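*Asks:* One structure, pasted below without further comment.
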Amino acid sequence: MPTRTKLRAAALGGSADDIEHAFYEALQRGDIDALMACWADEDEVFCVHPGGPRLVGTGAIRAAFEQMFDGGGRIDAQPARVRKIESLASSVHNVLERIEVLTAEGPKHAFVLATNVYHKTAQGWRMVAHHASPGTAAEPAEGHDAPGFLH
């Protein structure tokens, strides 16, 4: 789907997948307005950046992303290996984010596991939570067939 169509989907509702695509595209461009258009306008939305505190509400989330984008910054995060749990009014996506980081030695990659939660609102699908793990230099392995006990 072309970029213009994806952004229109974010503005008009679209699907949870459309909102996720628009979110990562906005990160890659450093576009705060497009990024915030992906979020639900609810008091209890939250975001946890790798190693950071829980940010609650769109004001706190916007301020954190504005700081990241300050001076023309952007976040080159490419989503991969998406796992989804979907229902009629909510969708939970667990995403492996491949992030390119510029270092003195040139570009390097880091990997972050993120969980994005979307709800179907009166404005269409919107993000209500983004929670990202600390990054690793190596791509994490995929675990399967959980043991018969929790934790």
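Ligands are numbered from 1 in the order shown, residues from 1 within each chain, and chains are lettered A, B, ... in the order they appear in the structure tokens.
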Need the shell around region 34-51 of chain A: protein/DNA/RNA residues with any atom at most 10 Å away, counting only C-alpha atoms. Skip same-chain ones fewer than 3 positions apart. Format as a PyMOL selection string?
*Replies:* chain A and resi 7+9-13+16+18-31+54-62+64-65+112-135
*Asks:* Please, which residues of chain A, numbered as in this document, come out alpha helix (DSSP H) from DSSP, as a PyMOL selection string?
*Replies:* chain A and resi 3-12+16-29+32-36+58-69
*Asks:* Please extract the residues of region 1-149 of chain A with a backbone DSSP assignment of strand (DSSP E or B) and present them as number ranges by chain.
*Replies:* A: 39, 46-48, 54-56, 77-86, 90-103, 106-121, 124-132, 136
*Asks:* So what do you get for CA of Gly106 (chain A) versus CA of Glu139 (chain A), distance-wise?
*Replies:*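 Separation of CA of Gly106 (chain A) and CA of Glu139 (chain A): 18.7 Å.
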*Asks:* Using only C-alpha atoms, find the one residue out of A:Lys84, A:Glu100, A:Glu142, A:Ile32 that sits nearest to Gly72 (chain A).
*Replies:* A:Ile32
*Asks:* So which one's closest to Arg81 (chain A), A:Asp33, A:Ala141, A:Leu102, A:Ala63? Using only C-alpha atoms, please.
*Replies:*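 Smallest separation from Arg81 (chain A) among the options: A:Ala141.
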*Asks:* So, with only C-alpha atoms as the atoms that count, which of A:Val82, A:Ala89, A:Ala104, A:Arg98 lies closest to Ala137 (chain A)?
*Replies:*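 Comparing A:Val82, A:Ala89, A:Ala104, A:Arg98 against Ala137 (chain A), the winner is A:Arg98.
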*Asks:* Find the spatial neighbours of Pro79 (chain A), counting only C-alpha atoms, within a cut-off of 7 Å - ignore same-chain residues fewer than 5 positions away - and output them as an mmCIF file with N, CA, C and O atoms, in the first residue's frame.
*Replies:*
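Output saved as result-v4.cif:
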```cif
data_model
loop_
_atom_site.group_PDB
_atom_site.id
_atom_site.type_symbol
_atom_site.label_atom_id
_atom_site.label_comp_id
_atom_site.auth_asym_id
_atom_site.auth_seq_id
_atom_site.Cartn_x
_atom_site.Cartn_y
_atom_site.Cartn_z
ATOM 1 N N VAL A 95 6.471 -7.548 18.091
ATOM 2 C CA VAL A 95 7.271 -7.201 16.922
ATOM 3 C C VAL A 95 8.754 -7.242 17.271
ATOM 4 O O VAL A 95 9.162 -6.753 18.330
ATOM 5 N N LEU A 96 9.545 -7.795 16.382
ATOM 6 C CA LEU A 96 10.995 -7.655 16.481
ATOM 7 C C LEU A 96 11.353 -6.409 15.684
ATOM 8 O O LEU A 96 11.094 -6.349 14.482
ATOM 9 N N GLU A 97 11.894 -5.402 16.361
ATOM 10 C CA GLU A 97 12.320 -4.177 15.687
ATOM 11 C C GLU A 97 13.815 -4.265 15.385
ATOM 12 O O GLU A 97 14.615 -4.486 16.288
ATOM 13 N N ARG A 98 14.169 -4.123 14.122
ATOM 14 C CA ARG A 98 15.578 -4.073 13.713
ATOM 15 C C ARG A 98 15.905 -2.588 13.567
ATOM 16 O O ARG A 98 15.351 -1.904 12.714
#
```
*Asks:* Can you tell me how far CA of Ser15 (chain A) sits from CA of Leu88 (chain A), in Å to one decimal?
*Replies:*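 Atom-to-atom, CA of Ser15 (chain A) to CA of Leu88 (chain A), that is 11.1 Å.
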